[in-house]
There are 2 protein chains.
Amino acid sequence: MSDTADRLLDHAQALVQTRGFNAFSFRDLARALDLTNAGVHYHFPSKADLGRALVARYRRTFATTLATVERSSDDPRDRLAGFVDVYTDVLRQGRLCLCGILASDAATLPPEVRGEVRAFFDETERWLARVLAEGRASGLFQFDGEADAEAALTLAAVEGAMITAWPLRSGKDGSARATERFETVTGRLLQGLTGP
Amino acid sequence: MSDTADRLLDHAQALVQTRGFNAFSFRDLARALDLTNAGVHYHFPSKADLGRALVARYRRTFATTLATVERSSDDPRDRLAGFVDVYTDVLRQGRLCLCGILASDAATLPPEVRGEVRAFFDETERWLARVLAEGRASGLFQFDGEADAEAALTLAAVEGAMITAWPLRSGKDGSARATERFETVTGRLLQGLTGP
DNA sequence: GAACCTACTTACCACATGGTAAGTAGACTT
DNA sequence: AAGTCTACTTACCATGTGGTAAGTAGGTTC
């Protein structure tokens, strides 16, 4: 991946995480890097190519982030809290989860991009299911049924907490109110898992 | 509200619930009702006007839907299940919650539309908080802390469950896979509330 | 030094976007 | 019969959209 292509993806990611897939354009990217329209198309022939590359890269970096979280502690409670912290940081930067916002655009997404989004959710859920299963095995978490289903609920709650907090963002206070609300909701989510 | 304006909102709502605010146009609406572009602008001078009217109407009809749910049973468990069923039906029709998808578009939304979306979440959360508080008072639900916060988590989980299920929709099976997944996740959510 | 490759630019394209000004057919009012 | 109102249409506008064909400056390879 060339340097320019990578910087294009950086800007594309910031735009998609705030505006969604349909509200950013090749011209936005061209301006950000002081290129022409066609210069962007040289690196990514179509918007679908760009989207696919964007989510593929996001999946890779997210996987290494989760690996870091996993290395930081053996305690499943810490790992789960670390997972939530990753999302908190994204929101604090004034962004949504890339795949959260792309999921809501799914109906208008090129099929290959939608496939990458599904793969992101699958991977993330598998990671969560592992952490949850470990936590239950060592008596730290309490839930019944399959860990996979609990992982799906956990992911849904985190993504939903971001998106329902998102309209609270304003130019004035930045993302403070949205972040605050996100932390309240996810705090309760973790609390519920560690058992009454 | 004239008949034509109402029918325009019907089509706009279907489009927004599947494609989002930025991926539908006045021309789409004009075609749907066999009008011209300008004919739509006669009823809604700007897209912001249309959006505001759309969410305002959605809030009204949602309020009467919740009232119906409330009348259908005294049991808070039934009321909560009824709430989830409303969303299940939306997803089964191949749509997202209007305000769920608009929330993810919040950064590009005209301010008055964003305000309406926030009001929808506030109202819905207040309703949920009432049901949850009643349920806890009669020993049917178990959670600690304020009912408001539990309501925020519940709403986040439901909205998140819709959005994470959304990319599973395909032309082939319609919304069956997405609906199935939504029901799994919300099933666990309700189960968690009724206590271990 | 000729050929080639990379990373672009210039100059387009057809089409969609939200929005507007002016006109008009038909109903209703006075 | 004249005037007015509603619900449009015709015709237009500037701007933005994803995308393309052809050219070119600079470096690398043979």
# chains A, B, ... in the order shown; residues from 1 in each chain; ligands from 1
>>> residues_around(residues="Asp74 in chain A", least_positions_apart="5", cutoff="12 Å", atoms="only C-alpha atoms (C1' of nucleotides)", output="list of chain:residue names")
A:Ala67, A:Thr68, A:Val69, A:Arg79, A:Leu80, A:Gly82, A:Val131, A:Glu134, A:Gly135, A:Ser138
>>> write_last_selection(atoms="C-alpha atoms", output="short mmCIF file (atom, residue, chain, number, x, y, z; two decimals), in the first residue's frame")
data_model
loop_
_atom_site.label_atom_id
_atom_site.label_comp_id
_atom_site.auth_asym_id
_atom_site.auth_seq_id
_atom_site.Cartn_x
_atom_site.Cartn_y
_atom_site.Cartn_z
CA ALA A 67 -4.81 -8.41 20.70
CA THR A 68 -3.28 -5.55 22.68
CA VAL A 69 -6.31 -5.43 24.97
CA ARG A 79 -10.56 -7.33 28.79
CA LEU A 80 -14.23 -6.51 28.42
CA GLY A 82 -10.78 -2.58 27.57
CA VAL A 131 -13.81 -13.46 26.61
CA GLU A 134 -13.67 -17.51 29.89
CA GLY A 135 -15.22 -15.09 32.33
CA SER A 138 -13.91 -18.62 36.12
#
>>> interface_residues(of="chain B", to="chain D", cutoff="10 Å", atoms="only C-alpha atoms (C1' of nucleotides)", output="NGL selection string")
:B and (4 or 35-40 or 42-43)
>>> residues_around(residues="Arg60 in chain B", least_positions_apart="6", cutoff="12 Å", atoms="only C-alpha atoms (C1' of nucleotides)", output="count of residues only")
9
>>> interface_residues(of="chain A", to="chain B", cutoff="7 Å", atoms="only C-alpha atoms", output="VMD selection string")
chain A and resid 18 to 20 22 to 23 101 103 to 108 114 118 149 152 to 153 156 to 157 159 to 161 163 to 164 166 to 167 185
>>> interface_residues(of="chain B", to="chain C", cutoff="10 Å", atoms="only C-alpha atoms (C1' of nucleotides)", output="list in words")
Ser25, Phe26, Arg27, Asn37, Ala38, His41, Pro45, Ser46 and Lys47 of chain B
>>> write_last_selection(atoms="N, CA and C atoms", output="mmCIF file, in the first residue's frame")
data_model
loop_
_atom_site.group_PDB
_atom_site.id
_atom_site.type_symbol
_atom_site.label_atom_id
_atom_site.label_comp_id
_atom_site.auth_asym_id
_atom_site.auth_seq_id
_atom_site.Cartn_x
_atom_site.Cartn_y
_atom_site.Cartn_z
ATOM 1 N N SER B 25 -33.873 11.234 -2.654
ATOM 2 C CA SER B 25 -33.954 12.564 -3.250
ATOM 3 C C SER B 25 -35.396 12.972 -3.534
ATOM 4 N N PHE B 26 -35.575 14.253 -3.759
ATOM 5 C CA PHE B 26 -36.883 14.767 -4.148
ATOM 6 C C PHE B 26 -37.381 14.072 -5.412
ATOM 7 N N ARG B 27 -36.464 13.780 -6.314
ATOM 8 C CA ARG B 27 -36.870 13.105 -7.548
ATOM 9 C C ARG B 27 -37.455 11.715 -7.266
ATOM 10 N N ASN B 37 -40.476 17.232 -9.769
ATOM 11 C CA ASN B 37 -39.610 17.741 -8.735
ATOM 12 C C ASN B 37 -40.239 18.915 -7.960
ATOM 13 N N ALA B 38 -40.656 19.905 -8.721
ATOM 14 C CA ALA B 38 -41.183 21.130 -8.114
ATOM 15 C C ALA B 38 -42.491 20.878 -7.376
ATOM 16 N N HIS B 41 -41.558 20.062 -3.979
ATOM 17 C CA HIS B 41 -41.107 21.261 -3.261
ATOM 18 C C HIS B 41 -42.277 22.163 -2.867
ATOM 19 N N PRO B 45 -40.889 22.826 1.157
ATOM 20 C CA PRO B 45 -39.961 23.756 0.495
ATOM 21 C C PRO B 45 -38.513 23.259 0.503
ATOM 22 N N SER B 46 -38.068 22.696 1.613
ATOM 23 C CA SER B 46 -36.693 22.221 1.643
ATOM 24 C C SER B 46 -36.647 20.796 2.211
ATOM 25 N N LYS B 47 -35.510 20.159 2.043
ATOM 26 C CA LYS B 47 -35.353 18.808 2.561
ATOM 27 C C LYS B 47 -35.415 18.809 4.096
#
>>> atom_distance(atom1="CA of Leu190 in chain B", atom2="CA of Glu125 in chain B")
15.9 Å
>>> select_by_dssp(residues="range 21-147 of chain A", states="helix (DSSP H, G or I)", output="number ranges by chain")
A: 21-23, 26-33, 37-43, 47-72, 76-92, 98-104, 106-108, 111-137, 147
